[in-house]
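Data block below; observations after.
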Amino acid sequence: MPSTRQPRNLSDSPARSRPGRRVIAVVASLALSLTNFRLELLKGMVRAGHRVVAFAPDHDARVERKLAEIGVEFIRIPMARTSLNPFEDLATFWALRRHFRQMGPDLVLAYTMKPIIYAGIAARTLAIKERSFLVTGLGHVFSEPTTAFVKSAMIRRLCIGLYRIAFRGAQFVFAYNEADAADLRRYRMLGDNTRLTMISGSGVDLQHFASSKPPTGGLVFLMIARLLRDKGVSEFAEAARLVRRQYPEAKFQLLGHFDSNPTAISRVEIDRWVGEGLIDYLGSTDDVRPYLAACTVFVLPSYYREGIPRSILEAMATGRPIITTSLPGCRETVEPGENGFLVEPRDHVSLAQAMATLAGQPDLGERMGRRSRELAEAKFDVHTINRVLLGHLQLI
């Protein structure tokens, strides 16, 4: 029978006494995520006196330099993020196992699917007792029912089996939203002794992403995302087509990098939308703050299985109204009618209607933006989230 245990909330964390110096392995699938999403968490570990070693598959000199500046070691490992090649995945497993055996970590902390699975299994084979995982979103494999598609159903079953092996005996599994927590229970991925705990995403640095007043130079809808089909990029472009008929002066900006994911949007498609005058493609950047400050509304029509999208949290901290979908992860960021609107996934008409509502009521957008900032301060402060997370892990 599936477990009936309820996930614990961060506020349930008991007081911990500070332990001695420990060795911590943090495993990621993308180097940039270590500084974009985990920098404050890593700083907290180092400040508490621990040795921290970060693992990721790609070489990024700026990331490695920033990690070195805060006292975090970096090791590059082989990992094909989107490949289903079992030989490449075995290379990831063996590399992690070799490094873990050499460094002897007291704690392994991994996030996203492949790091969780292969770091989790590698740590188990070495009898590393302290293993915890951040489920930052279960991904497109769990996005929607796939039983009608044999290949997708087989991949999902395989992932569930691997998750079960990786999670077995773990101390904590942290979930970002209730839907992911429900699936972890539904598919019986967790053992009886593993604590399932809710956290409000990776959080956002409220000082780094300071609140600002929206610009007065015109209506600017901004979408920031990896250029994936299931992030809703096509819906954004088609909604722009509809809204422009009523508000031709409105601008629709897209910021994000191309990806190797199977659902990636091609440059040809982007160029076609730009050529039609539907969107302005801004490329990619290491600092989204100027673009957030220059927009009036933030849009993420994702139907990807999100944890809690960091891009939305950054827009909320900046003080912008949010238009996103009613799906898990996204819906946790919006109080409908208060700081934004929830729209139906894959529905560019619903998206356009929400955009047009804000286009026709500038005062409503400003009020919603202020509420976004209030919610960011109340629920998503990165320092509050990390402080309690480190408490659960007994690192402070």
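For the structure tokens, the naming scheme is as follows: chains receive sequential letters (A, B, ...) according to their order of presentation, residues are indexed from 1 within each chain, and ligands are indexed from 1 in presentation order.
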
Which region 225-289 of chain A residues have any atom within 12 Å of an atom of region 126-146 of chain A, and for each, what is the nearest pair of atoms with distance in Å to one decimal, counting only C-alpha atoms, rows sorted by chain and number, as a Markdown table?
| residue | atom | partner | partner_atom | distance |
| --- | --- | --- | --- | --- |
| A:Leu228 | CA | A:His140 | CA | 10.9 |
| A:Arg229 | CA | A:His140 | CA | 10.9 |
| A:Asp230 | CA | A:His140 | CA | 8.1 |
| A:Lys231 | CA | A:His140 | CA | 10.3 |
| A:Asn261 | CA | A:His140 | CA | 10.3 |
| A:Pro262 | CA | A:His140 | CA | 10.2 |
| A:Thr263 | CA | A:His140 | CA | 9.4 |

Counting only C-alpha atoms, what are the residues of region 275-356 of chain A within 12 Å of region 379-392 of chain A, and for each of them which pair of atoms is the nearest and at what distance in Å, to one decimal? Sort the table by chain and rising number, as CSV.
residue,atom,partner,partner_atom,distance
A:Ile308,CA,A:Phe380,CA,10.1
A:Pro309,CA,A:Phe380,CA,11.4
A:Arg310,CA,A:Phe380,CA,10.0
A:Ile312,CA,A:Phe380,CA,10.8
A:Leu313,CA,A:Phe380,CA,7.3
A:Glu314,CA,A:Phe380,CA,9.8
A:Ala315,CA,A:Phe380,CA,11.9
A:Met316,CA,A:Phe380,CA,9.5
A:Ala317,CA,A:Phe380,CA,8.9
A:Glu332,CA,A:Lys379,CA,10.3
A:Thr333,CA,A:Lys379,CA,9.3
A:Val334,CA,A:Lys379,CA,11.6

Selection export as a PDB file, in the first residue's frame, atoms kept: N, CA and C atoms:
ATOM      1  N   ILE A 308       9.566  24.882  -8.348  1.00  0.00           N
ATOM      2  CA  ILE A 308       9.040  26.245  -8.272  1.00  0.00           C
ATOM      3  C   ILE A 308       9.987  27.070  -9.127  1.00  0.00           C
ATOM      4  N   PRO A 309       9.532  27.642 -10.237  1.00  0.00           N
ATOM      5  CA  PRO A 309      10.448  28.294 -11.181  1.00  0.00           C
ATOM      6  C   PRO A 309      11.182  29.473 -10.547  1.00  0.00           C
ATOM      7  N   ARG A 310      12.487  29.429 -10.621  1.00  0.00           N
ATOM      8  CA  ARG A 310      13.296  30.499 -10.050  1.00  0.00           C
ATOM      9  C   ARG A 310      13.051  31.816 -10.793  1.00  0.00           C
ATOM     10  N   ILE A 312      10.326  33.010 -11.933  1.00  0.00           N
ATOM     11  CA  ILE A 312       9.148  33.672 -11.377  1.00  0.00           C
ATOM     12  C   ILE A 312       9.486  34.327 -10.044  1.00  0.00           C
ATOM     13  N   LEU A 313      10.241  33.635  -9.204  1.00  0.00           N
ATOM     14  CA  LEU A 313      10.601  34.203  -7.902  1.00  0.00           C
ATOM     15  C   LEU A 313      11.411  35.481  -8.070  1.00  0.00           C
ATOM     16  N   GLU A 314      12.298  35.506  -9.051  1.00  0.00           N
ATOM     17  CA  GLU A 314      13.096  36.707  -9.290  1.00  0.00           C
ATOM     18  C   GLU A 314      12.223  37.856  -9.774  1.00  0.00           C
ATOM     19  N   ALA A 315      11.236  37.541 -10.616  1.00  0.00           N
ATOM     20  CA  ALA A 315      10.308  38.578 -11.075  1.00  0.00           C
ATOM     21  C   ALA A 315       9.441  39.084  -9.934  1.00  0.00           C
ATOM     22  N   MET A 316       9.011  38.179  -9.057  1.00  0.00           N
ATOM     23  CA  MET A 316       8.232  38.596  -7.892  1.00  0.00           C
ATOM     24  C   MET A 316       9.039  39.522  -6.992  1.00  0.00           C
ATOM     25  N   ALA A 317      10.298  39.166  -6.736  1.00  0.00           N
ATOM     26  CA  ALA A 317      11.150  40.002  -5.897  1.00  0.00           C
ATOM     27  C   ALA A 317      11.340  41.386  -6.512  1.00  0.00           C
ATOM     28  N   GLU A 332       2.072  27.641  -7.358  1.00  0.00           N
ATOM     29  CA  GLU A 332       2.464  27.987  -5.990  1.00  0.00           C
ATOM     30  C   GLU A 332       2.930  29.430  -5.853  1.00  0.00           C
ATOM     31  N   THR A 333       3.165  30.104  -6.964  1.00  0.00           N
ATOM     32  CA  THR A 333       3.712  31.463  -6.914  1.00  0.00           C
ATOM     33  C   THR A 333       2.661  32.553  -7.072  1.00  0.00           C
ATOM     34  N   VAL A 334       1.427  32.176  -7.395  1.00  0.00           N
ATOM     35  CA  VAL A 334       0.410  33.184  -7.736  1.00  0.00           C
ATOM     36  C   VAL A 334      -0.822  33.042  -6.858  1.00  0.00           C
TER      37      VAL A 334
END

Just want the 10 Å neighbourhood of region 101-110 of chain A, counted on only C-alpha atoms, with same-chain residues fewer than 2 positions away dropped. Output as a PyMOL selection string.
chain A and resi 21-29+51-55+95-99+112-120+122-123+125-126+128-135+170-173+393+395

With only C-alpha atoms counted and 12 Å as the cut-off, give the residues of region 231-304 of chain A in contact with region 360-375 of chain A, each with its shortest interatomic distance in Å and the pair that gives it, as a Markdown table.
| residue | atom | partner | partner_atom | distance |
| --- | --- | --- | --- | --- |
| A:Val243 | CA | A:Gly360 | CA | 10.7 |
| A:Gln246 | CA | A:Gly360 | CA | 9.6 |
| A:Tyr247 | CA | A:Gly360 | CA | 8.7 |
| A:Ala250 | CA | A:Gly360 | CA | 11.0 |
| A:Leu292 | CA | A:Gly369 | CA | 11.8 |
| A:Ala293 | CA | A:Gly369 | CA | 11.6 |
| A:Cys295 | CA | A:Gly369 | CA | 11.2 |
| A:Thr296 | CA | A:Gly365 | CA | 7.6 |
| A:Val297 | CA | A:Gly365 | CA | 7.4 |
| A:Phe298 | CA | A:Gly369 | CA | 9.7 |

Separation of CA of Val299 (chain A) and CA of Ser152 (chain A), in Å?
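CA of Ser152 (chain A) lies 28.9 Å from CA of Val299 (chain A).
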
As JSON, numbers by chain, list the residues of region 118-353 of chain A assigned to strand (DSSP E) by DSSP on the backbone atoms of this structure.
{"A": [130, 131, 132, 133, 134, 135, 172, 173, 174, 175, 195, 196, 197, 198, 220, 221, 222, 223, 224, 251, 252, 253, 254, 255, 280, 281, 297, 298, 299, 300, 322, 323, 324, 325, 340, 341, 342, 343]}

Please provide as a VMD selection string all residues within 9 Å of Met355 (chain A), with the sequence filter that same-chain residues fewer than 2 positions apart are discarded (counting only C-alpha atoms).
chain A and resid 221 239 to 240 243 297 299 323 350 to 353 357 to 360

Take the residues just selected and output them with N, CA and C atoms as a short mmCIF file (atom, residue, chain, number, x, y, z; two decimals), in the first residue's frame.
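Dumped everything to out10.cif:
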data_model
loop_
_atom_site.label_atom_id
_atom_site.label_comp_id
_atom_site.auth_asym_id
_atom_site.auth_seq_id
_atom_site.Cartn_x
_atom_site.Cartn_y
_atom_site.Cartn_z
N PHE A 221 6.00 42.75 -21.98
CA PHE A 221 5.82 41.41 -21.43
C PHE A 221 7.13 40.65 -21.62
N ALA A 239 0.24 34.04 -28.37
CA ALA A 239 -0.52 35.01 -27.57
C ALA A 239 -0.13 36.43 -27.94
N ALA A 240 1.15 36.65 -28.20
CA ALA A 240 1.60 37.98 -28.63
C ALA A 240 0.90 38.39 -29.92
N VAL A 243 -2.60 39.63 -28.88
CA VAL A 243 -2.62 40.86 -28.08
C VAL A 243 -2.22 42.06 -28.92
N VAL A 297 5.39 43.22 -17.05
CA VAL A 297 4.70 41.99 -16.68
C VAL A 297 5.63 40.81 -16.98
N VAL A 299 5.95 36.72 -17.69
CA VAL A 299 5.11 35.64 -18.23
C VAL A 299 5.92 34.35 -18.29
N ILE A 323 2.08 36.16 -14.85
CA ILE A 323 1.14 35.34 -15.59
C ILE A 323 1.81 33.99 -15.83
N SER A 350 -6.14 31.76 -23.70
CA SER A 350 -6.25 32.08 -22.27
C SER A 350 -5.10 32.99 -21.85
N LEU A 351 -3.91 32.71 -22.36
CA LEU A 351 -2.75 33.52 -22.05
C LEU A 351 -2.92 34.94 -22.58
N ALA A 352 -3.40 35.07 -23.81
CA ALA A 352 -3.60 36.38 -24.41
C ALA A 352 -4.64 37.19 -23.64
N GLN A 353 -5.67 36.53 -23.16
CA GLN A 353 -6.70 37.23 -22.39
C GLN A 353 -6.13 37.82 -21.11
N THR A 357 -5.82 41.82 -20.23
CA THR A 357 -6.38 42.40 -19.01
C THR A 357 -5.40 43.36 -18.36
N LEU A 358 -4.14 42.95 -18.26
CA LEU A 358 -3.13 43.82 -17.66
C LEU A 358 -2.77 44.98 -18.59
N ALA A 359 -2.82 44.74 -19.89
CA ALA A 359 -2.54 45.83 -20.83
C ALA A 359 -3.58 46.94 -20.70
N GLY A 360 -4.81 46.56 -20.42
CA GLY A 360 -5.87 47.56 -20.33
C GLY A 360 -6.01 48.20 -18.97
#

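Distance check against Arg38 (chain A) using only C-alpha atoms: of A:Phe87, A:Phe167, A:Tyr111, A:Phe209, the minimum falls on A:Tyr111.
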
Nearest to Leu327 (chain A): which of A:Asn85, A:Ser302, A:Gln394, A:Ser33 is it, counting only C-alpha atoms?
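Comparing A:Asn85, A:Ser302, A:Gln394, A:Ser33 against Leu327 (chain A), the winner is A:Ser302.
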
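Counting from CA of Cys330 (chain A), the distance to CA of Leu227 (chain A) is 17.1 Å.
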
I'd like the neighbourhood of Gln253 (chain A) as a ChimeraX atom specification, where a residue qualifies if any of its atoms comes within 7 Å (using only C-alpha atoms), though same-chain residues fewer than 2 positions away should be ignored.
/A:221-223,251,255,279-282

Suppose we keep N, CA and C atoms; can you now write the selection as a compact mmCIF listing (two decimals), in the first residue's frame?
# COMPACT_ATOMS: atom_id res chain seq x y z
N PHE A 221 6.00 42.75 -21.98
CA PHE A 221 5.82 41.41 -21.43
C PHE A 221 7.13 40.65 -21.62
N LEU A 222 7.67 40.10 -20.54
CA LEU A 222 8.96 39.42 -20.59
C LEU A 222 8.79 37.96 -20.19
N MET A 223 9.37 37.07 -20.99
CA MET A 223 9.45 35.65 -20.65
C MET A 223 10.91 35.27 -20.56
N LYS A 251 5.21 45.29 -26.27
CA LYS A 251 6.42 44.54 -26.64
C LYS A 251 6.40 43.19 -25.93
N LEU A 255 13.85 35.89 -23.33
CA LEU A 255 15.24 35.81 -22.90
C LEU A 255 15.52 34.37 -22.47
N ILE A 279 7.81 38.75 -31.47
CA ILE A 279 8.64 38.82 -30.26
C ILE A 279 9.98 39.47 -30.57
N ASP A 280 10.63 39.94 -29.51
CA ASP A 280 12.02 40.36 -29.57
C ASP A 280 12.83 39.32 -28.81
N TYR A 281 13.75 38.65 -29.50
CA TYR A 281 14.60 37.67 -28.83
C TYR A 281 15.84 38.36 -28.30
N LEU A 282 16.07 38.27 -26.99
CA LEU A 282 17.14 39.00 -26.32
C LEU A 282 18.40 38.18 -26.11

Best match for closeness to Arg157 (chain A) among A:Ala56, A:Asp347, A:Arg76, A:Met189, counting only C-alpha atoms
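Among the listed residues, A:Met189 lies closest to Arg157 (chain A).
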
Based on DSSP run over this structure's backbone, return all residues of region 183-304 of chain A in alpha helix (DSSP H), as an NGL selection string.
:A and (183-186 or 233-246 or 267-275 or 289-293)

Could you please take those selected residues and save C-alpha atoms as a compact mmCIF listing (two decimals), in the first residue's frame?
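out_20.txt written:
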# COMPACT_ATOMS: atom_id res chain seq x y z
CA ASP A 183 3.81 11.49 -6.92
CA LEU A 184 6.67 10.44 -4.65
CA ARG A 185 4.07 8.80 -2.43
CA ARG A 186 1.85 7.56 -5.28
CA VAL A 233 7.52 29.46 -25.82
CA SER A 234 5.18 28.78 -28.76
CA GLU A 235 2.16 29.81 -26.70
CA PHE A 236 3.92 33.05 -25.76
CA ALA A 237 4.52 33.90 -29.43
CA GLU A 238 0.95 33.05 -30.48
CA ALA A 239 -0.52 35.01 -27.57
CA ALA A 240 1.60 37.98 -28.63
CA ARG A 241 0.02 37.74 -32.09
CA LEU A 242 -3.45 38.12 -30.55
CA VAL A 243 -2.62 40.86 -28.08
CA ARG A 244 -0.85 42.98 -30.70
CA ARG A 245 -4.14 43.32 -32.61
CA GLN A 246 -5.59 45.27 -29.69
CA ARG A 267 16.63 28.92 -33.90
CA VAL A 268 14.62 28.74 -37.12
CA GLU A 269 11.38 29.02 -35.14
CA ILE A 270 12.71 31.92 -33.07
CA ASP A 271 13.87 33.71 -36.20
CA ARG A 272 10.46 33.23 -37.81
CA TRP A 273 8.64 34.80 -34.83
CA VAL A 274 11.12 37.65 -34.75
CA GLY A 275 10.71 38.16 -38.49
CA ARG A 289 18.01 41.95 -13.33
CA PRO A 290 18.19 44.72 -15.96
CA TYR A 291 15.62 42.89 -18.09
CA LEU A 292 13.27 42.35 -15.16
CA ALA A 293 13.55 46.00 -14.19

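Proximity to Ile121 (chain A) was assessed for A:Ala264, A:Leu30, A:Leu90, A:Ala48 counting only C-alpha atoms; the smallest distance is recorded for A:Leu90.
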
Go through A:Leu300, A:Ile165, A:Leu158, A:Gly319 and flag the residue nearest Phe341 (chain A), using only C-alpha atoms for the distances.
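Of A:Leu300, A:Ile165, A:Leu158, A:Gly319, the one nearest Phe341 (chain A), counting only C-alpha atoms, is A:Leu300.
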
Find the distance between CA of Thr194 (chain A) and CA of Phe37 (chain A) and write it in Å to one decimal.
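These atoms are spaced 24.6 Å apart.
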